[in-house]
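Data file: final.cif. Format and content: mmCIF, C-alpha atoms.
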data_entry
#
loop_
_atom_site.label_atom_id
_atom_site.label_comp_id
_atom_site.auth_asym_id
_atom_site.auth_seq_id
_atom_site.Cartn_x
_atom_site.Cartn_y
_atom_site.Cartn_z
CA MET A 15 189.25 120.57 114.51
CA ARG A 16 186.58 119.21 116.75
CA VAL A 17 184.78 116.10 117.96
CA PHE A 18 181.01 115.86 117.58
CA SER A 19 179.12 113.02 119.22
CA ARG A 20 175.52 111.92 118.75
CA GLU A 21 173.38 108.82 119.24
CA ILE A 22 170.83 107.25 116.88
CA SER A 23 168.23 105.14 118.70
CA PHE A 24 165.59 102.79 117.31
CA ASN A 25 163.84 99.48 117.92
CA THR A 26 164.69 96.33 115.97
CA ARG A 27 162.38 93.45 115.10
CA GLY A 28 164.74 90.63 116.13
CA GLU A 29 166.95 88.24 114.17
CA ILE A 30 168.20 89.21 111.46
CA ASP A 31 166.95 92.79 111.05
CA ILE A 32 169.00 95.08 108.77
CA ILE A 33 168.26 98.80 109.21
CA ASP A 34 169.37 101.60 106.89
CA ILE A 35 170.72 104.41 109.10
CA THR A 36 172.42 106.45 106.34
CA GLY A 37 169.90 109.31 106.45
CA GLU A 38 170.31 109.76 110.19
CA VAL A 39 174.11 109.64 110.04
CA GLU A 40 174.08 112.22 107.21
CA LYS A 41 171.79 114.45 109.30
CA ILE A 42 174.29 114.31 112.18
CA VAL A 43 177.13 115.20 109.79
CA ARG A 44 175.19 118.30 108.67
CA GLU A 45 174.36 119.21 112.28
CA SER A 46 178.06 118.93 113.23
CA GLY A 47 179.09 121.56 110.70
CA VAL A 48 182.18 119.44 109.92
CA LYS A 49 183.25 119.87 106.28
CA ASN A 50 186.19 117.46 106.18
CA GLY A 51 186.88 114.58 108.49
CA ILE A 52 185.69 111.11 109.41
CA ALA A 53 182.54 109.64 110.93
CA THR A 54 182.84 106.47 113.02
CA VAL A 55 179.53 104.63 113.36
CA PHE A 56 179.74 102.20 116.29
CA ILE A 57 177.38 99.81 118.07
CA PRO A 58 178.14 99.51 121.80
CA GLY A 59 176.95 95.92 122.15
CA ALA A 60 178.13 92.41 121.32
CA THR A 61 175.17 91.16 119.25
CA GLY A 62 174.90 93.90 116.62
CA ALA A 63 177.09 94.91 113.69
CA ILE A 64 177.65 97.84 111.33
CA THR A 65 178.61 97.55 107.66
CA THR A 66 177.73 99.09 104.27
CA ILE A 67 175.52 97.49 101.62
CA GLU A 68 173.26 98.46 98.72
CA TYR A 69 169.90 98.59 100.51
CA GLU A 70 167.93 96.64 97.91
CA PRO A 71 165.30 94.23 99.31
CA GLY A 72 166.51 91.18 97.35
CA LEU A 73 170.12 91.78 98.36
CA ILE A 74 169.19 92.28 102.01
CA GLU A 75 167.65 88.78 101.95
CA ASP A 76 170.75 87.42 100.16
CA PHE A 77 172.94 88.82 102.92
CA LYS A 78 170.73 87.26 105.63
CA ASP A 79 170.95 83.90 103.82
CA ALA A 80 174.74 84.18 103.73
CA LEU A 81 174.93 84.85 107.49
CA ARG A 82 172.65 81.87 108.19
CA ARG A 83 174.79 79.64 105.95
CA LEU A 84 178.18 80.81 107.30
CA ILE A 85 177.22 80.82 111.01
CA PRO A 86 174.19 78.53 111.32
CA ARG A 87 171.84 78.85 114.25
CA GLU A 88 171.17 75.10 114.37
CA ILE A 89 174.63 73.79 115.30
CA ARG A 90 175.92 73.44 118.86
CA TYR A 91 177.25 76.48 120.73
CA ARG A 92 178.62 76.50 124.27
CA HIS A 93 177.26 80.02 124.87
CA PRO A 94 173.58 79.65 125.77
CA VAL A 95 170.66 80.84 123.59
CA ASN A 96 172.38 83.29 121.22
CA GLY A 97 175.93 81.98 120.60
CA HIS A 98 175.42 82.29 116.84
CA SER A 99 174.37 85.97 117.30
CA HIS A 100 177.65 86.78 119.05
CA VAL A 101 179.80 84.88 116.54
CA ARG A 102 178.11 86.66 113.61
CA ALA A 103 178.61 90.06 115.29
CA SER A 104 182.31 89.49 115.98
CA LEU A 105 182.87 88.33 112.39
CA LEU A 106 181.18 91.41 110.88
CA GLY A 107 182.58 93.93 113.37
CA PRO A 108 181.02 96.71 115.47
CA SER A 109 181.87 99.76 113.37
CA VAL A 110 182.56 101.45 110.07
CA THR A 111 184.50 104.68 109.50
CA VAL A 112 183.39 106.85 106.55
CA PRO A 113 185.17 109.94 105.13
CA ILE A 114 183.36 113.29 105.29
CA ILE A 115 184.20 115.50 102.29
CA GLY A 116 182.51 118.81 101.48
CA GLY A 117 180.17 118.44 104.45
CA HIS A 118 178.77 115.05 103.35
CA LEU A 119 179.43 111.35 103.91
CA HIS A 120 181.51 110.26 100.91
CA LEU A 121 179.58 107.05 100.15
CA GLY A 122 179.05 105.39 96.79
CA THR A 123 175.74 106.04 95.00
CA TRP A 124 174.35 102.60 95.92
CA GLN A 125 176.10 102.25 99.27
CA GLN A 126 174.20 102.61 102.54
CA ILE A 127 175.31 102.36 106.19
CA VAL A 128 173.35 99.66 108.01
CA PHE A 129 172.91 98.36 111.51
CA ILE A 130 172.46 94.59 111.65
CA GLU A 131 170.46 93.19 114.57
CA LEU A 132 171.90 89.74 115.24
CA ASP A 133 170.30 89.03 118.61
CA THR A 134 167.42 86.57 118.74
CA ARG A 135 164.87 89.05 120.06
CA PRO A 136 163.73 92.63 119.33
CA ARG A 137 166.01 95.16 121.00
CA HIS A 138 166.20 98.89 121.64
CA ARG A 139 169.50 100.00 120.09
CA ARG A 140 171.66 103.09 120.41
CA VAL A 141 174.27 103.53 117.69
CA ILE A 142 177.05 106.09 118.29
CA VAL A 143 178.11 108.50 115.54
CA GLN A 144 181.47 110.02 116.43
CA ILE A 145 182.68 112.74 114.06
CA VAL A 146 186.24 114.09 114.04
CA GLY A 147 187.04 116.90 111.61
CA GLU A 148 187.10 120.56 110.76
CA MET B 25 195.67 119.01 113.79
CA ARG B 26 194.38 118.78 110.26
CA VAL B 27 192.43 116.71 107.76
CA PHE B 28 194.10 115.77 104.48
CA SER B 29 192.05 114.12 101.75
CA ARG B 30 193.20 112.46 98.52
CA GLU B 31 191.94 109.93 96.00
CA ILE B 32 193.73 106.94 94.46
CA SER B 33 192.29 105.90 91.09
CA PHE B 34 192.99 102.83 88.97
CA ASN B 35 191.36 100.25 86.72
CA THR B 36 190.60 96.72 87.90
CA ARG B 37 190.51 93.56 85.77
CA GLY B 38 187.21 92.18 87.12
CA GLU B 39 186.33 89.47 89.64
CA ILE B 40 188.31 88.89 92.00
CA ASP B 41 191.17 91.37 91.48
CA ILE B 42 193.30 92.22 94.56
CA ILE B 43 195.41 95.37 94.18
CA ASP B 44 198.22 96.48 96.49
CA ILE B 45 197.72 100.21 97.16
CA THR B 46 200.16 100.53 100.09
CA GLY B 47 202.75 102.55 98.13
CA GLU B 48 200.17 105.10 97.03
CA VAL B 49 198.68 105.45 100.52
CA GLU B 50 202.19 105.92 101.96
CA LYS B 51 202.91 108.59 99.32
CA ILE B 52 199.76 110.48 100.40
CA VAL B 53 200.82 110.23 104.06
CA ARG B 54 204.18 111.84 103.15
CA GLU B 55 202.49 114.51 101.03
CA SER B 56 200.16 115.35 103.96
CA GLY B 57 203.06 116.19 106.26
CA VAL B 58 201.16 114.46 109.10
CA LYS B 59 203.55 112.89 111.62
CA ASN B 60 201.07 111.30 114.02
CA GLY B 61 197.47 110.38 113.34
CA ILE B 62 195.33 107.93 111.45
CA ALA B 63 194.67 107.16 107.78
CA THR B 64 191.23 105.83 106.80
CA VAL B 65 191.27 104.07 103.43
CA PHE B 66 187.69 103.79 102.11
CA ILE B 67 186.01 102.54 98.94
CA PRO B 68 182.87 104.53 98.08
CA GLY B 69 181.03 101.66 96.41
CA ALA B 70 179.12 98.51 97.38
CA THR B 71 181.09 95.90 95.38
CA GLY B 72 184.64 96.58 96.55
CA ALA B 73 186.43 96.04 99.86
CA ILE B 74 189.57 97.14 101.69
CA THR B 75 191.65 94.96 104.00
CA THR B 76 195.28 94.15 104.79
CA ILE B 77 197.15 91.03 103.67
CA GLU B 78 200.67 89.84 102.93
CA TYR B 79 200.83 90.48 99.18
CA GLU B 80 202.37 87.15 98.20
CA PRO B 81 201.04 85.62 94.94
CA GLY B 82 200.19 82.21 96.45
CA LEU B 83 198.37 83.78 99.39
CA ILE B 84 196.43 86.13 97.11
CA GLU B 85 195.09 83.04 95.30
CA ASP B 86 194.35 81.37 98.66
CA PHE B 87 192.28 84.38 99.70
CA LYS B 88 190.35 84.35 96.41
CA ASP B 89 189.63 80.63 96.91
CA ALA B 90 188.31 81.33 100.42
CA LEU B 91 185.94 84.05 99.15
CA ARG B 92 184.65 81.71 96.41
CA ARG B 93 184.13 78.95 98.97
CA LEU B 94 182.47 81.13 101.64
CA ILE B 95 180.21 83.12 99.27
CA PRO B 96 179.90 81.01 96.11
CA ARG B 97 178.93 82.61 92.82
CA GLU B 98 176.98 79.55 91.70
CA ILE B 99 174.16 79.51 94.29
CA ARG B 100 170.89 81.43 93.95
CA TYR B 101 170.79 85.17 94.78
CA ARG B 102 167.71 87.39 94.57
CA HIS B 103 169.84 90.39 93.55
CA PRO B 104 170.47 90.07 89.81
CA VAL B 105 173.88 89.37 88.21
CA ASN B 106 176.28 90.25 91.06
CA GLY B 107 174.55 89.35 94.34
CA HIS B 108 177.61 87.40 95.44
CA SER B 109 179.82 90.48 94.79
CA HIS B 110 177.72 92.60 97.16
CA VAL B 111 177.56 89.94 99.88
CA ARG B 112 181.34 89.46 99.76
CA ALA B 113 181.89 93.24 99.97
CA SER B 114 179.59 93.70 102.97
CA LEU B 115 181.25 90.80 104.77
CA LEU B 116 184.79 92.18 104.26
CA GLY B 117 183.88 95.85 104.81
CA PRO B 118 184.62 99.07 102.91
CA SER B 119 187.52 100.47 104.93
CA VAL B 120 190.57 100.04 107.10
CA THR B 121 192.05 102.61 109.50
CA VAL B 122 195.84 102.53 109.98
CA PRO B 123 197.90 104.47 112.55
CA ILE B 124 200.44 107.01 111.27
CA ILE B 125 203.51 107.22 113.54
CA GLY B 126 206.68 109.20 112.79
CA GLY B 127 205.29 110.25 109.41
CA HIS B 128 204.68 106.68 108.16
CA LEU B 129 201.90 104.09 108.04
CA HIS B 130 202.58 101.81 111.00
CA LEU B 131 202.06 98.52 109.16
CA GLY B 132 203.73 95.19 109.83
CA THR B 133 206.69 94.21 107.65
CA TRP B 134 204.62 91.75 105.59
CA GLN B 135 201.33 93.63 105.76
CA GLN B 136 199.97 95.51 102.75
CA ILE B 137 196.78 97.54 102.24
CA VAL B 138 194.72 96.11 99.38
CA PHE B 139 191.64 96.99 97.39
CA ILE B 140 189.56 93.95 96.45
CA GLU B 141 187.48 94.19 93.28
CA LEU B 142 184.44 91.99 93.87
CA ASP B 143 182.28 93.12 90.96
CA THR B 144 181.93 90.79 87.98
CA ARG B 145 183.46 93.18 85.46
CA PRO B 146 186.48 95.50 85.17
CA ARG B 147 185.82 98.83 86.88
CA HIS B 148 187.42 102.24 87.25
CA ARG B 149 187.84 102.72 91.03
CA ARG B 150 188.51 105.72 93.25
CA VAL B 151 189.66 104.90 96.78
CA ILE B 152 189.58 107.70 99.36
CA VAL B 153 192.50 108.24 101.75
CA GLN B 154 191.37 110.45 104.64
CA ILE B 155 194.14 111.47 107.02
CA VAL B 156 193.51 113.06 110.42
CA GLY B 157 196.52 114.07 112.50
CA GLU B 158 199.20 116.56 113.36
CA MET C 25 192.70 118.25 119.69
CA ARG C 26 195.61 115.89 119.91
CA VAL C 27 197.00 112.51 118.92
CA PHE C 28 198.13 110.10 121.63
CA SER C 29 199.95 106.93 120.69
CA ARG C 30 200.84 103.91 122.82
CA GLU C 31 201.69 100.24 122.39
CA ILE C 32 200.36 97.19 124.26
CA SER C 33 202.75 94.23 124.19
CA PHE C 34 202.22 90.64 125.29
CA ASN C 35 203.00 87.03 124.41
CA THR C 36 200.45 84.72 122.79
CA ARG C 37 200.18 80.96 123.17
CA GLY C 38 199.76 80.14 119.46
CA GLU C 39 196.76 79.25 117.28
CA ILE C 40 193.93 80.41 118.06
CA ASP C 41 194.58 82.53 121.18
CA ILE C 42 192.02 85.26 121.96
CA ILE C 43 193.26 87.90 124.41
CA ASP C 44 191.11 90.52 126.16
CA ILE C 45 192.98 93.85 125.91
CA THR C 46 190.09 96.13 126.96
CA GLY C 47 191.60 97.01 130.36
CA GLU C 48 194.90 98.09 128.81
CA VAL C 49 193.21 100.14 126.07
CA GLU C 50 191.03 101.84 128.72
CA LYS C 51 194.16 102.60 130.79
CA ILE C 52 195.74 104.30 127.74
CA VAL C 53 192.55 106.35 127.19
CA ARG C 54 192.77 107.59 130.79
CA GLU C 55 196.50 108.32 130.45
CA SER C 56 195.83 110.33 127.26
CA GLY C 57 193.51 112.72 129.06
CA VAL C 58 191.26 112.68 125.97
CA LYS C 59 187.59 113.18 126.92
CA ASN C 60 185.96 112.91 123.49
CA GLY C 61 187.37 111.27 120.40
CA ILE C 62 188.18 107.90 118.91
CA ALA C 63 190.61 105.09 119.70
CA THR C 64 191.92 102.97 116.83
CA VAL C 65 193.31 99.63 118.02
CA PHE C 66 195.52 98.13 115.28
CA ILE C 67 197.75 95.09 114.88
CA PRO C 68 200.77 95.75 112.66
CA GLY C 69 201.04 92.22 111.31
CA ALA C 70 199.32 89.95 108.79
CA THR C 71 198.46 86.98 111.04
CA GLY C 72 196.58 88.70 113.86
CA ALA C 73 193.19 90.40 114.07
CA ILE C 74 191.26 92.78 116.31
CA THR C 75 187.51 92.65 116.96
CA THR C 76 185.02 92.95 119.83
CA ILE C 77 183.29 90.06 121.58
CA GLU C 78 181.72 89.17 124.93
CA TYR C 79 184.69 87.58 126.68
CA GLU C 80 182.86 84.54 128.04
CA PRO C 81 184.84 81.26 127.95
CA GLY C 82 182.15 79.24 126.14
CA LEU C 83 181.69 81.92 123.50
CA ILE C 84 185.44 82.25 122.98
CA GLU C 85 185.50 78.52 122.10
CA ASP C 86 182.43 78.98 119.85
CA PHE C 87 184.26 81.72 117.95
CA LYS C 88 187.37 79.53 117.53
CA ASP C 89 185.16 76.72 116.20
CA ALA C 90 183.59 79.10 113.67
CA LEU C 91 187.01 80.23 112.40
CA ARG C 92 188.14 76.60 112.05
CA ARG C 93 184.94 75.74 110.17
CA LEU C 94 184.96 78.80 107.86
CA ILE C 95 188.70 78.73 107.04
CA PRO C 96 189.87 75.19 107.77
CA ARG C 97 193.52 74.47 108.43
CA GLU C 98 193.34 71.07 106.72
CA ILE C 99 192.62 72.11 103.13
CA ARG C 100 195.29 73.01 100.57
CA TYR C 101 196.88 76.49 100.60
CA ARG C 102 199.53 77.73 98.17
CA HIS C 103 201.11 79.88 100.92
CA PRO C 104 203.36 77.57 102.95
CA VAL C 105 202.73 76.57 106.61
CA ASN C 106 200.24 79.26 107.72
CA GLY C 107 198.08 80.15 104.71
CA HIS C 108 194.94 79.63 106.79
CA SER C 109 196.28 82.07 109.45
CA HIS C 110 196.66 84.83 106.86
CA VAL C 111 193.25 84.21 105.26
CA ARG C 112 191.53 84.29 108.68
CA ALA C 113 193.34 87.55 109.58
CA SER C 114 192.39 89.30 106.31
CA LEU C 115 188.77 88.22 106.71
CA LEU C 116 188.52 89.56 110.30
CA GLY C 117 190.56 92.71 109.72
CA PRO C 118 193.47 94.34 111.58
CA SER C 119 191.67 97.03 113.55
CA VAL C 120 188.67 98.37 115.38
CA THR C 121 187.83 102.03 116.07
CA VAL C 122 185.92 102.76 119.29
CA PRO C 123 184.37 106.10 120.35
CA ILE C 124 185.72 107.79 123.50
CA ILE C 125 182.99 109.68 125.38
CA GLY C 126 183.40 111.29 128.80
CA GLY C 127 186.97 110.03 129.05
CA HIS C 128 186.05 106.34 128.56
CA LEU C 129 185.77 103.79 125.76
CA HIS C 130 182.07 103.72 124.87
CA LEU C 131 181.69 99.94 124.74
CA GLY C 132 178.63 97.85 125.54
CA THR C 133 178.43 96.26 128.98
CA TRP C 134 179.33 92.81 127.65
CA GLN C 135 181.62 93.93 124.84
CA GLN C 136 185.39 93.55 125.06
CA ILE C 137 188.20 94.45 122.65
CA VAL C 138 190.24 91.38 121.76
CA PHE C 139 193.42 90.51 119.91
CA ILE C 140 193.16 87.21 118.03
CA GLU C 141 196.40 85.31 117.46
CA LEU C 142 195.94 83.44 114.19
CA ASP C 143 199.52 82.38 113.56
CA THR C 144 200.46 78.75 114.16
CA ARG C 145 203.03 79.46 116.87
CA PRO C 146 203.34 81.59 120.03
CA ARG C 147 204.30 85.17 119.15
CA HIS C 148 205.35 88.37 120.87
CA ARG C 149 202.76 90.96 119.78
CA ARG C 150 202.62 94.75 119.87
CA VAL C 151 199.18 96.27 119.37
CA ILE C 152 198.97 100.00 118.61
CA VAL C 153 196.41 102.22 120.34
CA GLN C 154 196.08 105.49 118.44
CA ILE C 155 193.84 108.08 120.09
CA VAL C 156 192.57 111.21 118.34
CA GLY C 157 190.46 113.64 120.35
CA GLU C 158 190.21 116.52 122.75
#

Show me the file's structure as structure tokens.
Amino acid sequence: MRVFSREISFNTRGEIDIIDITGEVEKIVRESGVKNGIATVFIPGATGAITTIEYEPGLIEDFKDALRRLIPREIRYRHPVNGHSHVRASLLGPSVTVPIIGGHLHLGTWQQIVFIELDTRPRHRRVIVQIVGE
Amino acid sequence: MRVFSREISFNTRGEIDIIDITGEVEKIVRESGVKNGIATVFIPGATGAITTIEYEPGLIEDFKDALRRLIPREIRYRHPVNGHSHVRASLLGPSVTVPIIGGHLHLGTWQQIVFIELDTRPRHRRVIVQIVGE
Amino acid sequence: MRVFSREISFNTRGEIDIIDITGEVEKIVRESGVKNGIATVFIPGATGAITTIEYEPGLIEDFKDALRRLIPREIRYRHPVNGHSHVRASLLGPSVTVPIIGGHLHLGTWQQIVFIELDTRPRHRRVIVQIVGE
């Protein structure tokens, strides 16, 4: 049993940018040598989120539309500038934990791990991949 | 410390079917022999979700109503057929992680672990239970 | 590798009370002696939720407003008295898992771990912090 910790870093293009990080997480799983365990993918930051989705261009736009409809940018927020970014991030959550089986992420065929940039401007992001297993 | 991995499989009845899997997850915890640790319950698939809820028939219908209201089926999606299923799944998330203490899931008295079928048709589903502990 | 388990207990002031528990979770991480691993923060109960947010008073009110708008209290629920509390809790989820790196929670600078009381009355709450690591 061991813990293996790596960072994925990239630039985002601003609100709402959805980035497929599955390939990089899978690479870290292979590098770890862990055959069975779990991978926690976590964004240290209050205006980003992690979830899974089928990374199909039409669906990505559908998901953005849903976020804009559920937590509109145009209504009044007490928090200045990016209140809607924070509310969206807290609703979606900062992490996802995925089983590792046979040395691979045990995702569905059409299921990708994504980082969602919710801030109003382009950002440099560092996502943590924390693997616990054997 | 060890990793113990099992699958729960079942058929769903289509959109929106909410299935209480607590008993089966608890059985896997017992089978694992793990006394203290965590259990990650994960759906490998982009049109299902895992959460916890009090499994009371009225409340189950209330939760379905809320999903239909928040992410309606009737509006336009770019993704064909089941765009709303995917958006609902990504909003709710594919997993929950529950502490194991004294050889049992440490849930609240009225708190059950559920799989939520969000796809538009009946499916055969395999939910992963990944236990890490000692 | 080890598992370290502690409870944080406190009283809430009723619907919707958002409580910053980051300091207490960090204290438990230090007490555990774990340098690298994960901390799962979990509410055993069906009317509370855990997420992360920037704990800024204006934003806390913005988040409450969003919950009231998304899952209103005033509409009809089959579940008596606190149907909306349960639906809000199941939507937000009962837990968050945070990486531990270098003996500390690896949170963003403006990111706190919060318990959200969704029930309609003040409650005594016990949140579980389950640490797995080395």

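Atom CA of Glu148 of chain A is positioned 17.4 Å from atom CA of Ile152 of chain B.
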
Write out as an mmCIF file with C-alpha atoms, in the frame of the given file each polymer residue whose atoms come within 12 Å of Ile89 of chain A, counting only C-alpha atoms; drop sequence neighbours fewer than 6 positions from it.
data_model
loop_
_atom_site.group_PDB
_atom_site.id
_atom_site.type_symbol
_atom_site.label_atom_id
_atom_site.label_comp_id
_atom_site.auth_asym_id
_atom_site.auth_seq_id
_atom_site.Cartn_x
_atom_site.Cartn_y
_atom_site.Cartn_z
ATOM 1 C CA ARG A 82 172.650 81.870 108.190
ATOM 2 C CA ARG A 83 174.790 79.640 105.950
ATOM 3 C CA VAL A 95 170.660 80.840 123.590
ATOM 4 C CA ASN A 96 172.380 83.290 121.220
ATOM 5 C CA GLY A 97 175.930 81.980 120.600
ATOM 6 C CA HIS A 98 175.420 82.290 116.840
ATOM 7 C CA ASP C 86 182.430 78.980 119.850
ATOM 8 C CA ASP C 89 185.160 76.720 116.200
ATOM 9 C CA ALA C 90 183.590 79.100 113.670
ATOM 10 C CA ARG C 93 184.940 75.740 110.170
#

note = re atom CA of Tyr69 of chain A and atom CA of Gly38 of chain B: distance 22.8 Å

ask   = How would you write, as an NGL selection string, the residues chosen by the PyMOL selection byres ((chain A) within 10 of (chain C)) on this structure?
value = :A and (15-19 or 53-61 or 84-86 or 90-94 or 96-98 or 100-111 or 142-147)

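Separating atom CA of Arg149 of chain B from atom CA of Val48 of chain A is a distance of 25.9 Å.
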
request  = Show which residues sit within 7 Å of Glu131 of chain A, as JSON, numbers by chain. Count all atoms listed in the file, and ignore same-chain residues fewer than 4 positions away.
outcome  = {"A": [26, 28, 29, 30, 31, 32, 61, 62, 63]}

Include C-alpha atoms and write out the residues we just selected as an mmCIF file, in the coordinates of the input.
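Just written: part29.cif:
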data_model
loop_
_atom_site.group_PDB
_atom_site.id
_atom_site.type_symbol
_atom_site.label_atom_id
_atom_site.label_comp_id
_atom_site.auth_asym_id
_atom_site.auth_seq_id
_atom_site.Cartn_x
_atom_site.Cartn_y
_atom_site.Cartn_z
ATOM 1 C CA THR A 26 164.690 96.330 115.970
ATOM 2 C CA GLY A 28 164.740 90.630 116.130
ATOM 3 C CA GLU A 29 166.950 88.240 114.170
ATOM 4 C CA ILE A 30 168.200 89.210 111.460
ATOM 5 C CA ASP A 31 166.950 92.790 111.050
ATOM 6 C CA ILE A 32 169.000 95.080 108.770
ATOM 7 C CA THR A 61 175.170 91.160 119.250
ATOM 8 C CA GLY A 62 174.900 93.900 116.620
ATOM 9 C CA ALA A 63 177.090 94.910 113.690
#

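What the PyMOL selection byres ((chain A and resi 136) around 8) picks from this file is Asn25, Thr26, Arg27, Gly28, Glu29, Asp133, Thr134, Arg135, Arg137 and His138 of chain A.
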